[in-house]
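Asks: Below you'll find query_9.txt; it's compact mmCIF, C-alpha atoms.
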```txt
# COMPACT_ATOMS: atom_id res chain seq x y z
CA MET A 6 -74.16 106.80 15.18
CA LYS A 7 -73.80 103.14 16.24
CA CYS A 8 -76.26 101.43 18.56
CA ARG A 9 -75.46 98.20 20.36
CA ALA A 10 -78.06 95.41 20.16
CA ARG A 11 -78.19 91.66 20.58
CA PRO A 12 -78.05 89.84 17.23
CA SER A 13 -80.53 87.19 18.46
CA SER A 14 -83.18 89.74 19.22
CA ALA A 15 -86.39 88.87 17.46
CA SER A 16 -88.03 92.20 18.13
CA PHE A 17 -85.87 95.31 17.84
CA ARG A 18 -87.52 98.73 18.08
CA TRP A 19 -86.12 102.26 18.18
CA TYR A 20 -87.65 105.09 20.16
CA ILE A 21 -85.81 108.32 19.43
CA VAL A 22 -86.47 111.63 21.13
CA LEU A 23 -84.60 114.73 19.96
CA GLN A 24 -84.32 117.86 22.04
CA SER A 25 -82.48 121.13 21.43
CA THR A 26 -80.81 123.08 24.18
CA ALA A 27 -79.04 126.42 24.26
CA VAL A 28 -75.68 125.55 25.77
CA PHE A 29 -73.13 128.36 26.01
CA ALA A 30 -70.00 126.23 26.30
CA ALA A 31 -66.66 127.75 25.41
CA ALA A 32 -65.63 124.55 23.66
CA VAL A 33 -68.15 125.19 20.87
CA ALA A 34 -66.57 127.66 18.50
CA THR A 35 -69.32 128.62 16.06
CA ASP A 36 -72.67 130.37 16.26
CA ALA A 37 -73.40 130.17 12.54
CA THR A 38 -76.31 127.79 13.01
CA ALA A 39 -78.63 130.28 14.61
CA THR A 40 -81.51 131.38 12.45
CA THR A 41 -81.39 134.85 13.94
CA ASP A 42 -77.65 135.12 13.30
CA ALA A 43 -78.27 134.39 9.63
CA ALA A 44 -80.83 137.17 9.50
CA THR A 45 -78.37 139.50 11.19
CA ALA A 46 -75.68 138.62 8.67
CA ASP A 47 -78.08 139.50 5.86
CA ALA A 48 -78.78 142.88 7.44
CA ILE A 49 -75.10 143.53 8.01
CA THR A 50 -74.11 142.74 4.43
CA ALA A 51 -76.83 144.93 2.95
CA LEU A 52 -74.27 147.73 2.54
CA VAL A 53 -72.24 146.55 -0.44
CA GLY A 54 -69.57 148.10 -2.65
CA ASP A 55 -66.95 150.43 -1.18
CA PRO A 56 -68.45 151.93 1.99
CA VAL A 57 -65.68 154.49 2.56
CA ARG A 58 -65.88 155.82 -1.01
CA ASP A 59 -69.67 155.92 -0.77
CA ALA A 60 -69.60 157.83 2.53
CA ARG A 61 -66.93 160.20 1.20
CA CYS A 62 -69.06 161.09 -1.83
CA PHE A 63 -72.16 161.46 0.32
CA ALA A 64 -70.32 163.98 2.51
CA LYS A 65 -68.99 165.82 -0.54
CA CYS A 66 -72.46 166.26 -2.06
CA TYR A 67 -74.41 166.78 1.17
CA ARG A 68 -74.64 170.57 0.90
CA HIS A 69 -75.62 170.60 -2.78
CA VAL A 70 -79.22 171.41 -3.62
CA SER A 71 -81.39 168.32 -4.00
CA ALA A 72 -81.58 168.53 -7.80
CA GLU A 73 -77.78 168.52 -8.11
CA GLN A 74 -76.99 165.80 -5.56
CA PRO A 75 -77.44 162.75 -7.88
CA LYS A 76 -75.09 164.22 -10.49
CA CYS A 77 -72.56 165.22 -7.85
CA TYR A 78 -72.69 161.78 -6.20
CA SER A 79 -72.34 159.88 -9.48
CA GLY A 80 -69.45 162.08 -10.58
CA CYS A 81 -67.67 161.59 -7.26
CA LEU A 82 -67.99 157.80 -7.40
CA ASN A 83 -66.58 157.70 -10.93
CA LYS A 84 -63.69 160.05 -10.15
CA ARG A 85 -60.43 158.31 -9.33
CA TRP A 86 -59.22 158.56 -5.72
CA ILE A 87 -55.49 158.56 -6.39
CA ASN A 88 -54.03 159.52 -3.03
CA LYS A 89 -55.88 158.22 0.02
CA PRO A 90 -54.94 159.33 3.55
CA GLY A 91 -52.25 157.42 5.41
CA LYS A 92 -49.01 155.77 4.40
CA CYS A 93 -47.94 152.33 3.25
CA PRO A 94 -46.36 150.06 5.89
CA VAL A 95 -42.65 150.71 6.16
CA GLY A 96 -39.78 148.25 5.87
CA ASP A 97 -40.87 146.92 2.47
CA LEU A 98 -43.83 145.22 4.18
CA ASP A 99 -41.51 142.75 5.91
CA SER A 100 -43.97 142.62 8.81
CA VAL A 101 -46.86 141.66 6.53
CA ALA A 102 -47.73 137.96 6.47
CA SER A 103 -46.72 136.13 3.32
CA LEU A 104 -50.32 135.35 2.42
CA ASP A 105 -51.05 139.09 2.38
CA ARG A 106 -48.24 139.88 -0.03
CA PRO A 107 -48.46 137.53 -3.02
CA CYS A 108 -46.08 138.17 -5.92
CA LEU A 109 -48.49 140.00 -8.20
CA GLU A 110 -49.43 143.47 -9.30
CA GLN A 111 -52.83 143.93 -7.69
CA CYS A 112 -53.12 147.69 -8.18
CA SER A 113 -51.52 150.70 -9.83
CA SER A 114 -52.86 153.41 -7.50
CA ASP A 115 -54.94 153.78 -4.32
CA ASP A 116 -58.05 154.02 -6.48
CA PHE A 117 -57.89 150.27 -7.17
CA CYS A 118 -58.01 149.39 -3.45
CA HIS A 119 -61.14 148.85 -1.35
CA ALA A 120 -62.20 151.24 1.42
CA GLU A 121 -59.23 152.91 3.16
CA TYR A 122 -56.61 150.48 1.78
CA LYS A 123 -53.63 151.89 -0.13
CA CYS A 124 -51.67 150.56 -3.09
CA CYS A 125 -48.23 149.61 -1.73
CA ARG A 126 -45.12 148.43 -3.52
CA HIS A 127 -42.84 145.79 -2.02
CA SER A 128 -40.20 143.33 -3.15
CA CYS A 129 -42.81 140.76 -4.14
CA GLY A 130 -45.18 142.96 -6.14
CA ILE A 131 -47.76 145.71 -5.60
CA THR A 132 -50.74 144.95 -3.38
CA CYS A 133 -53.48 146.72 -1.41
CA GLN A 134 -52.56 147.05 2.26
CA PRO A 135 -54.12 148.71 5.33
CA PRO A 136 -52.52 152.14 5.81
CA VAL A 137 -50.53 153.26 8.82
CA GLY A 138 -50.55 156.69 10.41
CA LEU A 139 -54.23 157.36 9.79
CA ALA A 140 -54.75 158.57 13.35
CA ASP A 141 -52.11 161.31 12.91
CA HIS A 142 -54.13 164.49 12.59
CA ARG A 143 -54.08 165.99 9.12
CA PRO A 144 -55.70 169.26 8.05
CA GLY A 145 -58.95 168.66 6.23
CA LEU A 146 -59.74 165.31 7.90
CA PRO A 147 -62.11 164.76 10.86
CA ASN A 148 -60.65 163.46 14.11
CA VAL A 149 -61.03 159.83 15.09
CA PRO A 150 -64.28 159.44 17.09
CA LYS A 151 -64.47 157.78 20.49
CA ILE A 152 -67.20 155.41 21.62
CA VAL A 153 -68.91 157.04 24.58
CA ALA A 154 -71.49 154.41 25.54
CA VAL A 155 -73.16 151.15 24.50
CA SER A 156 -76.56 150.59 26.12
CA ASP A 157 -79.33 148.01 26.12
CA TYR A 158 -82.74 149.63 25.60
CA GLY A 159 -84.73 146.42 25.85
CA LYS A 160 -85.46 146.03 22.16
CA ALA A 161 -82.36 147.64 20.68
CA LEU A 162 -78.69 148.31 21.34
CA ALA A 163 -77.77 152.00 21.42
CA VAL A 164 -74.28 153.18 20.50
CA GLU A 165 -73.10 156.74 21.13
CA TRP A 166 -69.81 158.36 20.13
CA SER A 167 -68.09 161.74 20.21
CA ALA A 168 -68.32 164.21 17.34
CA PRO A 169 -65.15 165.64 15.73
CA SER A 170 -63.94 169.09 16.68
CA MET A 171 -66.04 171.94 15.31
CA ASP A 172 -63.79 172.79 12.37
CA THR A 173 -65.83 174.22 9.50
CA SER A 174 -62.97 173.56 7.07
CA ILE A 175 -63.57 169.82 7.15
CA GLY A 176 -67.13 170.20 5.77
CA HIS A 177 -69.89 167.70 6.34
CA VAL A 178 -69.00 164.59 8.35
CA THR A 179 -70.75 161.23 8.12
CA TYR A 180 -70.03 158.05 10.08
CA LEU A 181 -69.55 154.35 9.40
CA VAL A 182 -70.40 152.03 12.31
CA GLN A 183 -68.97 148.50 12.49
CA GLU A 184 -69.71 145.63 14.86
CA ARG A 185 -68.35 142.20 15.74
CA HIS A 186 -69.75 139.60 18.13
CA HIS A 187 -69.70 136.06 19.44
CA VAL A 188 -72.00 133.78 21.44
CA GLY A 189 -71.20 132.61 24.95
CA VAL A 190 -71.36 133.32 28.66
CA GLU A 191 -67.65 134.15 28.76
CA TYR A 192 -66.04 136.78 26.55
CA VAL A 193 -63.38 135.20 24.31
CA PRO A 194 -61.67 137.71 21.98
CA GLU A 195 -60.47 134.98 19.60
CA ARG A 196 -64.06 133.98 18.87
CA MET A 197 -65.22 137.41 17.71
CA THR A 198 -66.45 137.65 14.13
CA THR A 199 -64.74 139.90 11.60
CA TRP A 200 -65.74 143.57 11.61
CA ALA A 201 -68.88 144.27 9.58
CA ILE A 202 -70.63 147.55 8.73
CA VAL A 203 -74.07 147.99 10.29
CA ALA A 204 -74.81 151.64 9.50
CA ARG A 205 -73.81 154.84 7.78
CA THR A 206 -75.27 157.82 9.62
CA ASP A 207 -74.91 161.56 10.11
CA ARG A 208 -75.79 161.34 13.80
CA THR A 209 -73.55 160.53 16.75
CA ARG A 210 -76.00 158.03 18.24
CA GLU A 211 -77.72 155.05 16.66
CA GLN A 212 -80.00 152.24 17.81
CA PHE A 213 -79.77 148.75 16.31
CA ARG A 214 -82.84 146.56 16.74
CA GLN A 215 -81.39 143.84 14.52
CA LEU A 216 -78.47 143.42 16.93
CA HIS A 217 -80.49 142.99 20.11
CA LEU A 218 -79.71 139.27 20.28
CA PRO A 219 -79.51 137.70 23.75
CA GLY A 220 -76.51 135.64 24.73
CA ARG A 221 -74.02 137.52 22.57
CA TRP A 222 -71.01 139.73 23.21
CA PHE A 223 -70.70 142.83 21.02
CA GLN A 224 -68.04 145.40 20.22
CA PHE A 225 -68.42 148.52 18.07
CA ARG A 226 -66.13 151.00 16.36
CA VAL A 227 -66.82 154.15 14.34
CA ALA A 228 -65.06 156.07 11.56
CA ALA A 229 -65.72 159.75 10.77
CA ILE A 230 -65.56 160.49 7.03
CA ASN A 231 -65.68 163.71 5.00
CA GLU A 232 -65.03 164.42 1.35
CA ASN A 233 -61.27 164.07 1.90
CA GLY A 234 -61.46 160.63 3.49
CA THR A 235 -61.08 159.33 7.04
CA SER A 236 -58.57 159.29 9.88
CA GLY A 237 -59.51 155.69 10.60
CA TYR A 238 -61.73 153.76 12.97
CA SER A 239 -61.99 154.42 16.68
CA PRO A 240 -60.61 151.93 19.20
CA PRO A 241 -63.17 149.15 19.82
CA SER A 242 -65.73 149.77 22.52
CA GLU A 243 -65.68 147.74 25.70
CA GLN A 244 -67.26 144.34 25.15
CA PHE A 245 -71.01 144.42 25.83
CA PHE A 246 -73.13 141.39 26.73
CA VAL A 247 -76.82 141.25 25.80
CA ASP A 248 -78.43 139.59 28.80
CA ILE A 249 -80.63 136.57 28.18
CA GLY A 250 -83.23 137.73 30.70
CA PRO A 251 -86.13 135.79 32.24
CA ASN A 252 -88.54 136.16 29.31
CA VAL A 253 -86.46 134.57 26.55
CA ASP A 254 -87.69 131.14 25.57
CA PRO A 255 -85.20 128.36 24.79
CA PRO A 256 -85.03 127.02 21.22
CA GLY A 257 -88.04 125.04 20.05
CA PRO A 258 -87.95 121.39 18.98
CA PRO A 259 -85.98 120.43 15.86
CA GLN A 260 -88.00 119.76 12.73
CA ASP A 261 -88.36 116.88 10.26
CA LEU A 262 -86.52 114.17 12.17
CA MET A 263 -85.61 111.26 9.86
CA VAL A 264 -83.98 107.88 10.45
CA SER A 265 -82.27 106.40 7.38
CA SER A 266 -79.57 103.94 6.33
CA LEU A 267 -80.57 101.47 9.02
CA LYS A 268 -78.30 98.41 8.59
CA TRP A 269 -76.15 95.91 10.42
CA THR A 270 -72.44 96.68 10.31
CA ASN A 271 -71.46 93.41 12.04
CA LYS A 272 -72.99 90.90 14.43
CA GLU A 273 -73.19 93.31 17.35
CA TYR A 274 -73.80 96.78 15.92
CA GLN A 275 -76.55 98.36 13.94
CA GLN A 276 -75.94 101.68 12.22
CA CYS A 277 -78.33 104.44 11.27
CA VAL A 278 -78.25 108.06 10.16
CA LEU A 279 -80.34 110.64 12.00
CA SER A 280 -81.08 113.95 10.31
CA TRP A 281 -83.18 116.95 11.27
CA LYS A 282 -83.65 120.64 10.65
CA PRO A 283 -82.98 123.40 13.21
CA PRO A 284 -85.92 124.96 15.08
CA THR A 285 -87.90 127.34 12.91
CA LYS A 286 -87.80 130.09 15.56
CA SER A 287 -84.99 130.57 18.01
CA VAL A 288 -83.89 133.78 19.70
CA LEU A 289 -80.99 131.95 21.29
CA PRO A 290 -78.55 130.21 18.95
CA VAL A 291 -78.62 126.43 18.98
CA ARG A 292 -75.23 125.28 20.23
CA LYS A 293 -75.85 121.57 20.86
CA TYR A 294 -78.48 118.88 20.35
CA LYS A 295 -79.25 116.05 22.78
CA VAL A 296 -80.23 112.77 21.14
CA PHE A 297 -82.01 110.19 23.32
CA ILE A 298 -82.27 106.56 22.19
CA SER A 299 -84.28 103.75 23.80
CA VAL A 300 -83.73 100.18 22.59
CA HIS A 301 -86.30 97.53 23.50
CA ASP A 302 -84.86 94.01 23.39
CA GLY A 303 -87.51 91.68 24.70
CA PRO A 304 -87.97 92.41 28.42
CA HIS A 305 -84.90 94.65 28.47
CA VAL A 306 -84.76 98.37 27.73
CA TYR A 307 -81.50 100.15 27.02
CA HIS A 308 -81.15 103.94 27.13
CA LYS A 309 -78.49 106.05 25.51
CA ARG A 310 -77.87 109.74 25.21
CA ASN A 311 -75.57 111.61 22.86
CA VAL A 312 -74.66 115.30 22.70
CA VAL A 313 -74.15 116.54 19.14
CA PRO A 314 -72.61 119.95 18.42
CA ALA A 315 -74.63 122.14 16.06
CA VAL A 316 -72.89 122.64 12.72
CA SER A 317 -73.50 125.06 9.87
```
Please express what this file holds, its structure, as structure tokens.
Replies:
Amino acid sequence: MKCRARPSSASFRWYIVLQSTAVFAAAVATDATATTDAATADAITALVGDPVRDARCFAKCYRHVSAEQPKCYSGCLNKRWINKPGKCPVGDLDSVASLDRPCLEQCSSDDFCHAEYKCCRHSCGITCQPPVGLADHRPGLPNVPKIVAVSDYGKALAVEWSAPSMDTSIGHVTYLVQERHHVGVEYVPERMTTWAIVARTDRTREQFRQLHLPGRWFQFRVAAINENGTSGYSPPSEQFFVDIGPNVDPPGPPQDLMVSSLKWTNKEYQQCVLSWKPPTKSVLPVRKYKVFISVHDGPHVYHKRNVVPAVS
């Protein structure tokens, strides 16, 4: 930041006031600076490994007696899953972007691929690709669920979906719930985060306290999984906005403001570096900072204001 001053000034003083504001402008493309968003990301990534394989084995061993479940579960995880549901993309993957089909041998069977991905051969190697035709009903697989409702219960978001048809041949069914979101007053699909798992559950309704974050748009989707696999995720729910409400405080003041590297760059400009830490507590994500500068030059006072986007 450069600040204009007279070179003949005998007394030059800086008075800097820093304020944080929650500005939901579409021009700002990231919400990664929010403290609460970081906590949410930690909660979302708590489910590690292969979630589809884990859910499949859980469903397979669900009806075993308690003493036999650990052995059943361990054996299922270690058993190779050679033929996953679905098919490889047709046309030698010509429709797959070049970055998704490097010339290498990434896998030798579906077992090497994460989640529902299949091992697919093409003219430039063998790679893991998302399957097609999962939604086509196959005997032994649960139907694709449908999101029925997303509701705001004040302290939690509630998501409800339909159960698969009552077919006893498909055995126990468990569910994986995914979410994506972005910050802003207006819904912008291009700004949504990537899909992330927030729960595995046996119920058809879940509440998520960690996702009740004002000023954010959410979408959800659900996959039904049994011991044979999954028919894929449901279509995304309608976008849902968590209202800011009258009782949500704006972000607090930034912390540990420092002025450093104060030096003259030429006869008319003086340069400095301002640094600070985000507010310690903020329900709303910090989108921008306003920096106010007052320069006293003898009897004259100059005021400047800058708007600085928040960065990760």
Asks: Take atom CA of A:Phe297 and atom CA of A:Leu267 and report the distance between them in Å, one decimal.
Replies: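 Atom CA of A:Leu267 lies at a distance of 16.8 Å from atom CA of A:Phe297.
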Asks: Considering all atoms listed in the file, can you say which of A:Gln134, A:Gln183, A:Thr209, A:Ser128 comes closest to A:Pro241?
Replies: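 Under the stated criterion, the closest residue is A:Gln183.
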Asks: Taking a cut-off of 12 Å and counting all atoms listed in the file, can you build a table that, for each residue of stretch 276-302 of chain A near stretch 211-219 of chain A, reports the nearest atom pair and how far apart they are in Å (one decimal), sorted by chain then residue number, as a Markdown table?
Replies:
```
| residue | atom | partner | partner_atom | distance |
| --- | --- | --- | --- | --- |
| A:Ser287 | CA | A:Leu218 | CA | 10.4 |
| A:Val288 | CA | A:Leu218 | CA | 6.9 |
| A:Leu289 | CA | A:Pro219 | CA | 6.4 |
| A:Pro290 | CA | A:Pro219 | CA | 8.9 |
```
Asks: Those same residues - C-alpha atoms - I'd like them written as a PDB file, in the frame of the given file.
Replies:
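Output (out-v7.pdb):
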```pdb
ATOM      1  CA  SER A 287     -84.990 130.570  18.010  1.00  0.00           C
ATOM      2  CA  VAL A 288     -83.890 133.780  19.700  1.00  0.00           C
ATOM      3  CA  LEU A 289     -80.990 131.950  21.290  1.00  0.00           C
ATOM      4  CA  PRO A 290     -78.550 130.210  18.950  1.00  0.00           C
TER       5      PRO A 290
END
```
Asks: When you count only C-alpha atoms, which of these residues is closest to A:Glu121: A:Ser266, A:Thr198, A:Asn233, A:Ser242?
Replies: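 Residue with the minimum atom-to-atom distance to A:Glu121: A:Asn233.
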Asks: Here is a test: counting only C-alpha atoms, which residue of A:Lys84, A:Lys89, A:Lys65, A:His177 is nearest to A:Cys118?
Replies: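 Once distances to A:Cys118 are computed over only C-alpha atoms, the minimum belongs to A:Lys89.
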Asks: Just the residues within 9 Å of A:Ala154, please, counting all atoms listed in the file, with nothing from its chain fewer than 5 positions along; format it as a ChimeraX atom specification.
Replies: /A:163-166,242-243
Asks: Using all atoms listed in the file, what residues lie at most 12 Å away from (-67.2, 162.6, -0.7) (file coordinates), given as an MDAnalysis selection string?
Replies: chainID A and resid 56:69 74 77:86 146 175:179 229:235
Asks: Could you tell me how far atom CA of A:Arg210 lies from atom CA of A:Asp55, in Å and to one decimal?
Replies: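 So the answer is 22.7 Å.
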Asks: Would you kindly return, as a list of chain:residue names, each protein, DNA or RNA residue with an atom no farther than 8 Å from any atom of A:Pro169, considering only C-alpha atoms and excluding same-chain residues fewer than 5 positions away?
Replies: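 So, after excluding close chain neighbours, the residues are A:Pro147, A:Asn148, A:Val149, A:Pro150, A:Ala229.
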Asks: Since we have the selection now, will you write its residues out, keeping C-alpha atoms, as a PDB file, in the frame of the given file?
Replies:
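Writing done, so here's selection.pdb:
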```
ATOM      1  CA  PRO A 147     -62.110 164.760  10.860  1.00  0.00           C
ATOM      2  CA  ASN A 148     -60.650 163.460  14.110  1.00  0.00           C
ATOM      3  CA  VAL A 149     -61.030 159.830  15.090  1.00  0.00           C
ATOM      4  CA  PRO A 150     -64.280 159.440  17.090  1.00  0.00           C
ATOM      5  CA  ALA A 229     -65.720 159.750  10.770  1.00  0.00           C
TER       6      ALA A 229
END
```
